[in-house]
Every structure is written in C-alpha cells, then in structure tokens.
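This is data.csv. It holds CSV, C-alpha atoms and all ligand atoms.
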```csv
chain,number,residue,atom,x,y,z
A,103,MET,CA,-33.7,-22.1,-29.1
A,104,ASN,CA,-35.2,-19.7,-31.6
A,105,SER,CA,-34.3,-16.1,-31.7
A,106,LYS,CA,-37.4,-15.0,-29.7
A,107,THR,CA,-36.7,-17.3,-26.7
A,108,TRP,CA,-33.1,-16.0,-26.8
A,109,LEU,CA,-34.3,-12.5,-26.3
A,110,LEU,CA,-36.4,-13.6,-23.3
A,111,ALA,CA,-33.6,-15.8,-21.9
A,112,PHE,CA,-31.0,-13.0,-22.1
A,113,PRO,CA,-32.4,-10.7,-19.3
A,114,ALA,CA,-33.2,-13.7,-17.1
A,115,CYS,CA,-29.6,-14.9,-17.4
A,116,PHE,CA,-28.4,-11.5,-16.7
A,117,LEU,CA,-30.3,-11.2,-13.5
A,118,VAL,CA,-29.1,-14.6,-12.3
A,119,VAL,CA,-25.5,-13.7,-13.1
A,120,ALA,CA,-25.9,-10.3,-11.3
A,121,ALA,CA,-27.4,-12.1,-8.2
A,122,MET,CA,-24.7,-14.7,-8.2
A,123,SER,CA,-22.0,-12.0,-8.4
A,124,LEU,CA,-23.2,-10.8,-5.0
A,125,VAL,CA,-22.3,-14.0,-3.3
A,126,PRO,CA,-18.6,-14.2,-4.2
A,127,TRP,CA,-18.4,-10.5,-3.4
A,128,SER,CA,-19.5,-10.8,0.3
A,129,HIS,CA,-17.5,-14.0,0.6
A,130,ALA,CA,-14.5,-12.1,-0.8
A,131,GLN,CA,-15.1,-9.3,1.8
A,132,GLU,CA,-14.9,-11.8,4.6
A,133,GLU,CA,-11.9,-13.5,3.1
A,134,GLN,CA,-10.2,-10.1,2.9
A,135,SER,CA,-10.6,-9.2,6.6
A,136,LEU,CA,-9.4,-10.8,9.8
A,137,ARG,CA,-11.4,-11.3,12.9
A,138,PRO,CA,-9.6,-9.5,15.8
A,139,ALA,CA,-7.9,-11.7,18.4
A,140,ALA,CA,-10.2,-10.3,21.0
A,141,ALA,CA,-13.2,-11.7,19.2
A,142,PHE,CA,-12.0,-15.2,20.1
A,143,LYS,CA,-12.3,-14.6,23.9
A,144,SER,CA,-15.8,-16.0,23.8
A,145,ILE,CA,-14.4,-19.5,23.1
A,146,GLU,CA,-14.0,-20.7,26.7
A,147,ASN,CA,-12.0,-23.8,26.1
A,148,GLU,CA,-8.4,-22.6,25.7
A,149,GLU,CA,-7.4,-25.3,23.3
A,150,GLU,CA,-10.3,-24.7,21.0
A,151,ARG,CA,-9.6,-20.9,21.3
A,152,SER,CA,-6.0,-21.5,20.3
A,153,LEU,CA,-7.0,-23.6,17.3
A,154,ALA,CA,-9.6,-21.0,16.1
A,155,LEU,CA,-7.0,-18.2,16.4
A,156,PHE,CA,-4.5,-20.2,14.2
A,157,GLN,CA,-7.2,-21.0,11.7
A,158,GLU,CA,-8.0,-17.3,11.4
A,159,ALA,CA,-4.3,-16.5,11.0
A,160,GLY,CA,-4.2,-19.3,8.4
A,161,LYS,CA,-6.1,-17.0,6.0
A,162,VAL,CA,-2.9,-15.0,5.8
A,163,ILE,CA,-0.4,-17.9,6.0
A,164,GLN,CA,-2.1,-19.7,3.1
A,165,HIS,CA,-2.7,-16.6,1.0
A,166,PRO,CA,-0.9,-16.6,-2.4
A,167,ARG,CA,1.0,-13.4,-1.3
A,168,CYS,CA,2.7,-15.6,1.4
A,169,VAL,CA,2.8,-19.1,-0.2
A,170,ASN,CA,4.2,-17.8,-3.5
A,171,CYS,CA,7.6,-17.2,-1.9
A,172,HIS,CA,7.4,-20.4,0.3
A,173,PRO,CA,7.4,-22.8,-2.7
A,174,ALA,CA,7.9,-26.5,-2.4
A,175,THR,CA,10.5,-26.4,-5.2
A,176,ASP,CA,13.3,-24.0,-6.1
A,177,ARG,CA,11.0,-22.0,-8.4
A,178,PRO,CA,8.9,-19.3,-6.9
A,179,LEU,CA,5.2,-19.0,-7.7
A,180,GLN,CA,3.4,-15.9,-8.8
A,181,GLY,CA,-0.1,-14.5,-9.1
A,182,ALA,CA,-3.4,-15.3,-7.4
A,183,ASN,CA,-3.5,-18.6,-9.1
A,184,MET,CA,0.0,-19.5,-7.9
A,185,GLN,CA,1.5,-20.3,-11.3
A,186,PRO,CA,5.3,-21.1,-11.6
A,187,HIS,CA,7.2,-17.8,-11.9
A,188,GLN,CA,7.8,-16.4,-15.4
A,189,PRO,CA,10.5,-16.1,-16.5
A,190,PRO,CA,11.7,-19.4,-14.9
A,191,VAL,CA,13.9,-18.3,-12.1
A,192,PHE,CA,15.4,-20.4,-9.3
A,193,ARG,CA,16.4,-20.1,-5.7
A,194,GLY,CA,20.2,-19.7,-5.8
A,195,ASN,CA,22.2,-18.5,-2.8
A,196,GLY,CA,20.1,-17.1,0.0
A,197,GLY,CA,17.0,-17.4,-2.1
A,198,MET,CA,18.1,-14.5,-4.2
A,199,GLY,CA,18.3,-16.1,-7.6
A,200,LEU,CA,21.1,-17.6,-9.7
A,201,PRO,CA,24.0,-15.7,-11.3
A,202,GLY,CA,22.7,-13.6,-14.2
A,203,MET,CA,19.1,-13.8,-13.0
A,204,HIS,CA,19.2,-12.6,-9.4
A,205,CYS,CA,15.9,-11.4,-8.1
A,206,THR,CA,17.2,-7.8,-8.5
A,207,THR,CA,17.5,-8.2,-12.3
A,208,CYS,CA,13.8,-7.3,-12.3
A,209,HIS,CA,12.6,-6.7,-8.7
A,210,SER,CA,13.4,-3.4,-7.0
A,211,ALA,CA,13.4,-2.1,-3.4
A,212,GLU,CA,9.7,-1.1,-3.9
A,213,ASN,CA,6.7,-2.1,-6.0
A,214,ILE,CA,7.1,-0.5,-9.5
A,215,SER,CA,4.1,0.6,-11.5
A,216,VAL,CA,4.0,-0.3,-15.1
A,217,VAL,CA,2.2,1.9,-17.7
A,218,GLY,CA,0.5,1.2,-20.9
A,219,GLN,CA,0.0,-2.5,-20.2
A,220,ALA,CA,-2.8,-5.0,-20.1
A,221,GLU,CA,-5.4,-4.8,-17.3
A,222,THR,CA,-3.8,-8.0,-15.9
A,223,ILE,CA,-0.4,-6.5,-15.0
A,224,LYS,CA,-0.2,-3.2,-13.1
A,225,SER,CA,3.1,-3.4,-11.2
A,226,ILE,CA,6.3,-5.4,-10.6
A,227,PRO,CA,6.5,-6.3,-6.9
A,228,GLY,CA,9.5,-5.3,-4.9
A,229,HIS,CA,11.0,-4.9,-1.5
A,230,PRO,CA,14.6,-4.3,-0.2
A,231,ALA,CA,14.7,-7.8,1.3
A,232,TRP,CA,13.1,-9.6,-1.7
A,233,HIS,CA,14.1,-13.3,-1.6
A,234,LEU,CA,12.6,-16.8,-1.3
A,235,ALA,CA,11.9,-18.4,2.0
A,236,PRO,CA,14.4,-21.3,2.5
A,237,ILE,CA,13.3,-24.7,1.3
A,238,GLU,CA,12.8,-26.0,4.8
A,239,MET,CA,10.1,-23.4,5.2
A,240,ALA,CA,8.2,-24.6,2.1
A,241,TRP,CA,4.5,-24.1,2.6
A,242,GLU,CA,3.2,-24.8,-0.9
A,243,GLY,CA,0.9,-27.9,-1.0
A,244,LYS,CA,0.9,-28.3,2.8
A,245,SER,CA,-2.2,-28.4,5.1
A,246,LEU,CA,-2.5,-25.6,7.7
A,247,GLY,CA,-1.8,-28.3,10.3
A,248,GLN,CA,1.4,-29.2,8.7
A,249,ILE,CA,2.4,-25.6,8.3
A,250,CYS,CA,1.6,-25.0,12.0
A,251,GLN,CA,3.9,-27.8,13.1
A,252,GLN,CA,6.5,-26.5,10.8
A,253,ILE,CA,6.6,-22.9,12.0
A,254,LYS,CA,6.9,-24.1,15.6
A,255,ASP,CA,9.9,-26.3,14.7
A,256,PRO,CA,13.3,-24.4,15.0
A,257,ASP,CA,14.7,-26.8,12.4
A,258,ARG,CA,12.2,-25.6,9.9
A,259,ASN,CA,11.5,-22.0,11.0
A,260,GLY,CA,15.0,-20.4,10.7
A,261,ASN,CA,15.9,-21.4,14.2
A,262,MET,CA,13.4,-19.0,15.8
A,263,THR,CA,12.1,-19.3,19.3
A,264,ILE,CA,8.3,-19.0,19.6
A,265,ASP,CA,8.7,-15.4,20.8
A,266,GLU,CA,10.9,-14.6,17.8
A,267,LEU,CA,8.3,-16.2,15.6
A,268,VAL,CA,5.6,-13.9,17.0
A,269,GLU,CA,7.9,-10.9,16.5
A,270,HIS,CA,8.7,-12.1,12.9
A,271,MET,CA,5.0,-12.4,12.0
A,272,ALA,CA,4.1,-9.1,13.6
A,273,HIS,CA,6.9,-6.9,12.5
A,274,ASP,CA,9.1,-8.4,9.7
A,275,GLU,CA,9.1,-6.0,6.8
A,276,LEU,CA,9.2,-8.6,4.1
A,277,VAL,CA,6.2,-10.3,5.8
A,278,GLY,CA,4.6,-6.9,5.8
A,279,TRP,CA,4.9,-6.7,2.0
A,280,GLY,CA,2.0,-9.2,1.9
A,281,TRP,CA,-0.3,-6.3,2.9
A,282,ASN,CA,1.4,-3.9,0.5
A,283,PRO,CA,1.9,-5.9,-2.6
A,284,GLY,CA,1.5,-3.2,-5.2
A,285,ALA,CA,-1.2,-2.4,-7.7
A,286,GLY,CA,-3.0,-5.3,-9.3
A,287,ARG,CA,-2.3,-7.8,-6.5
A,288,GLU,CA,-4.7,-8.7,-3.7
A,289,PRO,CA,-3.2,-8.0,-0.3
A,290,ALA,CA,-3.2,-10.7,2.4
A,291,PRO,CA,-6.3,-10.4,4.6
A,292,GLY,CA,-6.6,-7.8,7.4
A,293,THR,CA,-3.4,-6.0,8.5
A,294,GLN,CA,0.0,-7.2,9.8
A,295,GLU,CA,-0.9,-5.8,13.2
A,296,GLU,CA,-4.1,-7.8,13.4
A,297,PHE,CA,-2.2,-10.9,12.1
A,298,GLY,CA,0.5,-10.4,14.7
A,299,LYS,CA,-2.1,-10.2,17.5
A,300,LEU,CA,-3.7,-13.4,16.3
A,301,ILE,CA,-0.4,-15.2,16.3
A,302,LYS,CA,0.5,-13.8,19.8
A,303,ALA,CA,-2.9,-14.9,21.2
A,304,TRP,CA,-2.4,-18.3,19.6
A,305,VAL,CA,1.0,-18.7,21.3
A,306,GLU,CA,-0.4,-17.4,24.6
A,307,THR,CA,-3.2,-20.1,24.4
A,308,GLY,CA,-0.7,-22.9,23.9
A,309,ALA,CA,0.0,-22.7,20.2
A,310,VAL,CA,-2.4,-25.5,19.4
A,311,CYS,CA,-2.1,-26.9,15.8
A,312,PRO,CA,-4.9,-28.1,13.6
A,313,ARG,CA,-4.8,-31.9,13.0
B,198,MET,CA,16.8,15.9,-11.1
B,199,VAL,CA,18.6,12.5,-11.4
B,200,THR,CA,22.3,12.3,-12.0
B,201,PHE,CA,23.9,9.1,-13.2
B,202,THR,CA,26.7,7.8,-15.4
B,203,LEU,CA,25.8,6.4,-18.8
B,204,ASN,CA,28.6,4.5,-20.6
B,205,GLY,CA,31.2,6.4,-18.6
B,206,THR,CA,29.7,9.9,-19.0
B,207,GLU,CA,27.8,11.8,-16.4
B,208,ARG,CA,24.2,12.5,-17.4
B,209,THR,CA,21.2,14.2,-15.8
B,210,PHE,CA,17.5,13.7,-16.3
B,211,ASN,CA,14.9,16.3,-15.4
B,212,GLY,CA,11.6,14.7,-16.3
B,213,ASP,CA,9.1,12.6,-14.5
B,214,PRO,CA,10.9,10.5,-11.9
B,215,ASP,CA,8.7,7.5,-12.8
B,216,THR,CA,10.1,7.5,-16.4
B,217,PRO,CA,11.6,4.1,-17.1
B,218,LEU,CA,15.3,4.1,-17.6
B,219,LEU,CA,14.7,2.4,-21.0
B,220,TRP,CA,12.8,5.5,-22.2
B,221,VAL,CA,15.6,7.8,-21.0
B,222,ILE,CA,18.2,5.7,-22.8
B,223,ARG,CA,16.3,5.5,-26.0
B,224,ASP,CA,14.2,8.7,-26.3
B,225,PHE,CA,16.4,11.2,-24.4
B,226,GLU,CA,19.9,9.8,-24.9
B,227,LYS,CA,19.1,8.5,-28.3
B,228,LEU,CA,20.9,5.3,-27.7
B,229,THR,CA,18.6,2.9,-29.5
B,230,GLY,CA,20.6,-0.3,-29.2
B,231,THR,CA,18.7,-1.2,-26.1
B,232,LYS,CA,15.3,-2.6,-27.2
B,233,TYR,CA,11.7,-2.5,-26.0
B,234,GLY,CA,10.0,-5.9,-26.1
B,235,CYS,CA,7.4,-6.1,-23.4
B,236,GLY,CA,7.8,-3.4,-20.8
B,237,ILE,CA,7.2,-5.8,-17.9
B,238,ALA,CA,10.4,-7.7,-17.3
B,239,GLN,CA,9.3,-10.7,-19.4
B,240,CYS,CA,11.6,-10.6,-22.4
B,241,GLY,CA,15.0,-9.3,-21.6
B,242,ALA,CA,15.4,-7.1,-24.7
B,243,CYS,CA,15.9,-4.0,-22.5
B,244,THR,CA,18.8,-5.5,-20.4
B,245,ILE,CA,21.5,-3.1,-19.4
B,246,HIS,CA,24.1,-3.2,-16.6
B,247,LEU,CA,23.3,-1.2,-13.5
B,248,ASP,CA,26.3,-0.9,-11.2
B,249,GLY,CA,27.8,-3.9,-12.9
B,250,MET,CA,24.7,-6.2,-12.7
B,251,PRO,CA,22.2,-7.1,-15.4
B,252,ARG,CA,19.0,-5.2,-15.0
B,253,ARG,CA,15.8,-4.8,-17.0
B,254,SER,CA,15.7,-1.1,-17.8
B,255,CYS,CA,11.9,-1.2,-18.6
B,256,VAL,CA,11.1,-1.7,-15.0
B,257,THR,CA,13.7,0.6,-13.6
B,258,PRO,CA,12.3,4.1,-12.8
B,259,ILE,CA,14.9,6.8,-13.4
B,260,SER,CA,14.4,7.9,-9.8
B,261,MET,CA,16.0,4.6,-8.7
B,262,ILE,CA,19.3,5.2,-10.3
B,263,GLU,CA,20.6,8.4,-8.7
B,264,GLY,CA,24.4,8.1,-8.6
B,265,SER,CA,24.4,4.8,-10.4
B,266,ASP,CA,26.5,3.5,-13.2
B,267,VAL,CA,24.6,2.5,-16.3
B,268,VAL,CA,26.2,0.6,-19.2
B,269,THR,CA,24.3,-0.2,-22.4
B,270,ILE,CA,25.2,-2.3,-25.5
B,271,GLU,CA,26.9,0.8,-27.0
B,272,GLY,CA,29.2,1.1,-24.0
B,273,ILE,CA,30.0,-2.4,-22.9
B,274,SER,CA,33.7,-3.2,-22.7
B,275,GLY,CA,36.3,-5.4,-21.1
B,276,LYS,CA,37.6,-8.9,-21.8
B,277,GLU,CA,34.3,-10.6,-21.4
B,278,ALA,CA,32.6,-8.2,-23.8
B,279,GLU,CA,35.4,-8.6,-26.3
B,280,ALA,CA,35.2,-12.4,-26.1
B,281,ILE,CA,31.4,-12.3,-26.5
B,282,LYS,CA,31.6,-9.9,-29.5
B,283,THR,CA,34.1,-12.1,-31.3
B,284,ALA,CA,32.2,-15.3,-30.6
B,285,TRP,CA,28.9,-13.7,-31.6
B,286,ALA,CA,30.4,-12.6,-35.0
B,287,ALA,CA,32.2,-15.9,-35.6
B,288,ILE,CA,29.1,-18.0,-35.0
B,289,ASP,CA,26.8,-15.5,-36.6
B,290,VAL,CA,24.4,-15.7,-33.7
B,291,PRO,CA,21.7,-13.1,-34.6
B,292,GLN,CA,18.8,-13.8,-36.9
B,293,CYS,CA,16.6,-10.6,-36.9
B,294,GLY,CA,18.7,-9.2,-34.1
B,295,TYR,CA,16.0,-7.6,-32.1
B,296,CYS,CA,16.7,-9.5,-28.9
B,297,GLN,CA,20.4,-9.6,-29.3
B,298,SER,CA,21.5,-6.5,-27.4
B,299,GLY,CA,19.7,-8.0,-24.4
B,300,GLN,CA,21.2,-11.4,-25.0
B,301,ILE,CA,24.7,-9.9,-25.2
B,302,MET,CA,24.3,-7.9,-22.0
B,303,SER,CA,23.1,-11.0,-20.1
B,304,ALA,CA,25.9,-13.1,-21.6
B,305,VAL,CA,28.6,-10.6,-20.7
B,306,ALA,CA,27.3,-10.4,-17.2
B,307,LEU,CA,27.2,-14.2,-16.9
B,308,LEU,CA,30.9,-14.5,-18.0
B,309,GLN,CA,31.8,-11.7,-15.5
B,310,MET,CA,30.2,-13.8,-12.7
B,311,VAL,CA,30.9,-17.3,-14.0
B,312,PRO,CA,34.0,-17.3,-16.3
B,313,LYS,CA,33.4,-21.0,-17.4
B,314,PRO,CA,29.7,-21.5,-17.3
B,315,THR,CA,28.1,-25.0,-17.7
B,316,ASP,CA,25.0,-25.5,-19.8
B,317,ASP,CA,23.0,-25.2,-16.6
B,318,ASP,CA,24.6,-21.9,-15.7
B,319,ILE,CA,23.8,-20.6,-19.2
B,320,ASN,CA,20.2,-21.8,-18.9
B,321,SER,CA,19.8,-20.1,-15.5
B,322,ALA,CA,21.3,-16.8,-16.6
B,323,MET,CA,19.8,-16.5,-20.1
B,324,THR,CA,16.3,-17.8,-19.2
B,325,GLY,CA,14.9,-14.3,-19.0
B,326,ASN,CA,16.1,-13.4,-22.5
B,327,ILE,CA,13.6,-14.5,-25.1
B,328,CYS,CA,14.5,-14.8,-28.8
B,329,ARG,CA,11.5,-15.0,-31.2
B,330,CYS,CA,13.9,-16.3,-33.9
B,331,ALA,CA,15.0,-19.1,-31.5
B,332,THR,CA,18.7,-18.5,-31.9
B,333,TYR,CA,19.2,-20.2,-28.5
B,334,HIS,CA,21.5,-23.0,-29.8
B,335,ARG,CA,23.8,-20.4,-31.3
B,336,ILE,CA,23.7,-18.3,-28.2
B,337,ARG,CA,24.7,-21.2,-26.1
B,338,ALA,CA,27.5,-22.2,-28.5
B,339,ALA,CA,28.8,-18.6,-28.6
B,340,ILE,CA,28.9,-18.3,-24.8
B,341,HIS,CA,30.9,-21.5,-24.5
B,342,ALA,CA,33.2,-20.3,-27.3
B,343,ALA,CA,33.7,-17.0,-25.6
B,344,ALA,CA,34.5,-18.7,-22.3
B,345,ASN,CA,37.0,-21.0,-24.0
B,346,SER,CA,38.7,-18.1,-25.7
B,347,MET,CA,39.2,-16.3,-22.4
B,348,GLU,CA,41.0,-19.2,-20.9
B,349,GLY,CA,44.2,-18.7,-22.8
C,1,LIG,S1,11.3,-4.8,-22.5
C,1,LIG,FE1,12.2,-5.0,-20.5
C,1,LIG,S2,12.1,-7.1,-20.2
C,1,LIG,FE2,10.9,-6.9,-22.1
C,2,LIG,S1,17.4,-12.9,-33.2
C,2,LIG,FE1,15.3,-12.3,-33.7
C,2,LIG,S2,14.5,-12.1,-31.7
C,2,LIG,FE2,16.4,-13.0,-31.3
```

Show this structure as structure tokens.
Amino acid sequence: MNSKTWLLAFPACFLVVAAMSLVPWSHAQEEQSLRPAAAFKSIENEEERSLALFQEAGKVIQHPRCVNCHPATDRPLQGANMQPHQPPVFRGNGGMGLPGMHCTTCHSAENISVVGQAETIKSIPGHPAWHLAPIEMAWEGKSLGQICQQIKDPDRNGNMTIDELVEHMAHDELVGWGWNPGAGREPAPGTQEEFGKLIKAWVETGAVCPR
Amino acid sequence: MVTFTLNGTERTFNGDPDTPLLWVIRDFEKLTGTKYGCGIAQCGACTIHLDGMPRRSCVTPISMIEGSDVVTIEGISGKEAEAIKTAWAAIDVPQCGYCQSGQIMSAVALLQMVPKPTDDDINSAMTGNICRCATYHRIRAAIHAAANSMEG
C-alpha cells in the first residue's frame, strides 16, 4: 500500500472500528443486567421456565467474580480473564491460605483503593469473610448443568437444604461482594436481590437443571 | 486520628485516613527499613507484622489499624527473630538487600507459626516475597538453619 492509499484507508478503518465497538457495548449491557424473575412468567411450561430461570442466574454463577473463588485446584483465580492468582497462594485451612500467606496478609475487610498505579489495577478486593469456596464446591471448568447438579447436592454445597441455598444466594454477604467488587473490577450482572429472586423462582418451579 | 502501637511505642496519625501504613512508617515515623516495591501487594518488600501476623503495609490504610500493634524490621524481637538474624548473617543472605526486610519479616512470622518448616512450608509462606537478586536458595537455607538453631 502506498502512502496515499494509507491515508484513505485510515478513516475507513476508523469508522469500521467505531461501528464494531457499538456491538460489544450493547452486548456488554445485556450481559451486565439480569432479567427479572417475573419476566419468565410468560413461559407456560414449568420445566422450561425453571430451566430459563437457572440459565439467567447462570450469568452470575459463571461470572469471574464468582468462579475465581470456586477454583478447581487449591489456587484461586483472579481477574476478568480468570488467571491463576498472583502471588501464588493456596487454599489452606478453611480456604484462608497457608501459614505465612493467609488471605489476610494482603486482603482486608473491605476493598482497598490503590493510588498512583497503572490503569489496570485500581483496588485490592476484600471482605470480612474473604476465603475460598471448599474444593467440593469447585465450579471452574464446569458446565452450567454440572454446577446446577452440584449446588443441589448437599455433599457438594456445604450440606445446605434447597431453602438454605436460596437464602445463601440471596443474602450471604460474601456472595454479595460479587456485586461490590471494588474499583477496576466488573461486578456480577444485575443485583443480589434480582439474583436471589431468580434462584427462588427456579426452586419454586422444580429446580430443573440444564443438561 | 488513629492511635496504634509501633515497635512497642504508642503513636498517633492525624492525616488522611486512606494513607497507606507504609507511608506512615516511612515518611512520618522515618523508619525506612520497610521498603516500597510495588504498592499493590505483589512483592512483599513492605511486609510488617500487624497484631503478630505478616501484613503488606502498602495495602493497609492507616484507618484500618486503630488500636493495633505494628512491628517493623527495626522492632522485631524474640527467639525466632534472633535465630533468623544469626542465620541471615552467617549465610550472608542479602545481595542488594532491598527485599530483605520483607523477607525477614515473613521468615520470622513463618517460624512463629511453624517452628520446623519443610521446603513446602517455606515455599508457601515466602511465595509473596520477591527477590530481584534471586537470593531464594540462601533464604531457604537460612530459614532451615534458623529452625535448627532454635531446636536446642
Ligand atoms: S510494596 Fe507492598 S507488596 Fe510490594
Ligand atoms: S537481595 Fe536484592 S532484591 Fe533481594
């Protein structure tokens, strides 16, 4: 390409890129919200309704804010791209880290803003109950159907009844951190209240799991 | 105003409550043994003991430590600290030294929790303390030597 065609190509490329950027934006908007449980009433078949409710709730369950602390190994993940945690830290007793590198060596009872840093790091996440989900609750690498079976199974859900599960999803404060993850981190879609209502409606319609 | 204990002495801080403890220690208390490496809990150079546990002071707002006990490299004491100091000197662990206050604070905390650490225990506890001079093999040897010296 000679320099003249470059000059012509540049604005054209720019327009294409600008137009393309609108697509992921609206997609992202949809990904960032939850359809309310009531919106599923139009699905008459109860089994189908249950399934659709769980799939909507799955946008939260499979979000990095949730999966990162439900890893398949003893090492937490971090970031939107679900990288292994740096520094390399491991589960330890109660999912609170190993001696000398407990979670609380760096994580606090709240999200802590950092200043004078790169655009890519704005805060260190924290919560009073900061810890990893037990290994039997690992979600990393599982399909939504597998996770669905898992969270209904008392052996793999912390021995919760289905009602306790609804309560946990709707009100547990560490679960709630997913919607308040601190600056520089995308929150889980919707709100915890909306998510809790989806889970409740899913249970009320028979807690059907995707295949 | 925040009141806390620093190396056994009661101190107060009147500034911005978001000020990292590391800045208070270095800029206000003028204890410069504790180092700044990254500011985001990635290197361990700023490690201090907060109520007896290792903690990265760069990600610890001063408002968080009201009533707490802070110990820095200047104030660390006790049999684990003595054993680590002796082993560090005998093996001549540091190269440039920049990471070493953090390494020592983590190593002392490890021995306080696990008096006879295995290599795995050392890996787990020291993984957050980076050394750009790669003195890791000497750090490991010195922690084992310190643990052995405490046995007698
Ligand atoms: S300066 Fe605190 S961990 Fe690097
Ligand atoms: S001795 Fe140089 S950074 Fe560790």

Find the residues of chain A in contact range of chain B, meaning any atom within 6 Å when counting all atoms listed in the file, and list them as an mmCIF file with C-alpha atoms, keeping the file's coordinate frame.
```
data_model
loop_
_atom_site.group_PDB
_atom_site.id
_atom_site.type_symbol
_atom_site.label_atom_id
_atom_site.label_comp_id
_atom_site.auth_asym_id
_atom_site.auth_seq_id
_atom_site.Cartn_x
_atom_site.Cartn_y
_atom_site.Cartn_z
ATOM 1 C CA PRO A 189 10.500 -16.100 -16.500
ATOM 2 C CA GLY A 202 22.700 -13.600 -14.200
ATOM 3 C CA MET A 203 19.100 -13.800 -13.000
ATOM 4 C CA THR A 207 17.500 -8.200 -12.300
ATOM 5 C CA CYS A 208 13.800 -7.300 -12.300
#
```

_Using all atoms listed in the file: which of A:Ala140, A:Val268, A:Leu155, A:Val162 has the shortest distance to Thr307 in chain A_ = A:Leu155

*Calculate how many Å separate CA of Asn195 in chain A from CA of His233 in chain A, rounding to one decimal.*
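Between CA of Asn195 in chain A and CA of His233 in chain A the gap works out to 9.7 Å.
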
*Mind listing as a ChimeraX atom specification all residues within 12 Å of (20.7, -12.0, -36.7), counting all atoms listed in the file?*
/B:285-286,288-298,300,328-333,335-336

*Find the residues around Ala342 in chain B up to 10 Å (only C-alpha atoms counted), leave out those fewer than 2 positions away in its own chain, and share them as a ChimeraX atom specification.*
/B:280-281,283-285,287-288,313,336-340,344-347

*Taking into account all atoms listed in the file, which residue in the set B:Leu218, B:Gly272, B:Ile262, B:Gly234 is nearest to ligand LIG 2 (chain C)?*
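So, comparing all the options, the nearest one is B:Gly234.
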
*When distances are computed from all atoms listed in the file, which of B:Phe210, B:Phe225, B:Trp220, B:Phe201 shows the smallest separation from ligand LIG 1 (chain C)?*
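Closest to ligand LIG 1 (chain C) of all the choices is B:Trp220.
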
_I'd like to know which of B:His341, B:Asn204, B:Pro314, B:Thr229 is closest to Ile273 in chain B, using only C-alpha atoms._
B:Asn204

*Counting only C-alpha atoms, which of A:Ala272, A:Ile264, A:Ile226, A:Ala285 gets nearest to Cys250 in chain A?*
A:Ile264

*asked:* as a list in words, please: the residues near Leu203 in chain B (cut-off 8 Å, all atoms listed in the file, same-chain neighbours under 5 positions excluded).
replied: Arg208, Asp266, Val267, Val268 and Thr269 of chain B

*Between CA of Lys227 in chain B and atom S1 of ligand LIG 1 (chain C), what is the distance, to one decimal in Å?*
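Going from CA of Lys227 in chain B over to atom S1 of ligand LIG 1 (chain C) covers 16.5 Å.
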
*Work out how far CA of Cys171 in chain A is from CA of Glu221 in chain A, in Å to one decimal.*
23.7 Å

*Kindly extract all protein, DNA and RNA residues lying within 12 Å of the coordinates (-7.8, -29.5, 4.2) given in the file, considering only C-alpha atoms, and supply them as an NGL selection string.*
:A and (157 or 160 or 164 or 243-249 or 312-313)

_Counting only C-alpha atoms, the option among A:Pro173, A:Gly218, A:Gly284, A:Pro201 closest to Pro186 in chain A_ =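 Of A:Pro173, A:Gly218, A:Gly284, A:Pro201, the one nearest Pro186 in chain A, counting only C-alpha atoms, is A:Pro173.
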
May I have the residues within 12 Å of Ser144 in chain A as a PDB file with C-alpha atoms, keeping the file's coordinate frame, using all atoms listed in the file and disregarding those fewer than 5 positions away in the same chain?
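In the end it all went to selection.pdb:
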```
ATOM      1  CA  ALA A 139      -7.900 -11.700  18.400  1.00  0.00           C
ATOM      2  CA  GLU A 150     -10.300 -24.700  21.000  1.00  0.00           C
ATOM      3  CA  ARG A 151      -9.600 -20.900  21.300  1.00  0.00           C
ATOM      4  CA  SER A 152      -6.000 -21.500  20.300  1.00  0.00           C
ATOM      5  CA  ALA A 154      -9.600 -21.000  16.100  1.00  0.00           C
ATOM      6  CA  LEU A 155      -7.000 -18.200  16.400  1.00  0.00           C
TER       7      LEU A 155
END
```
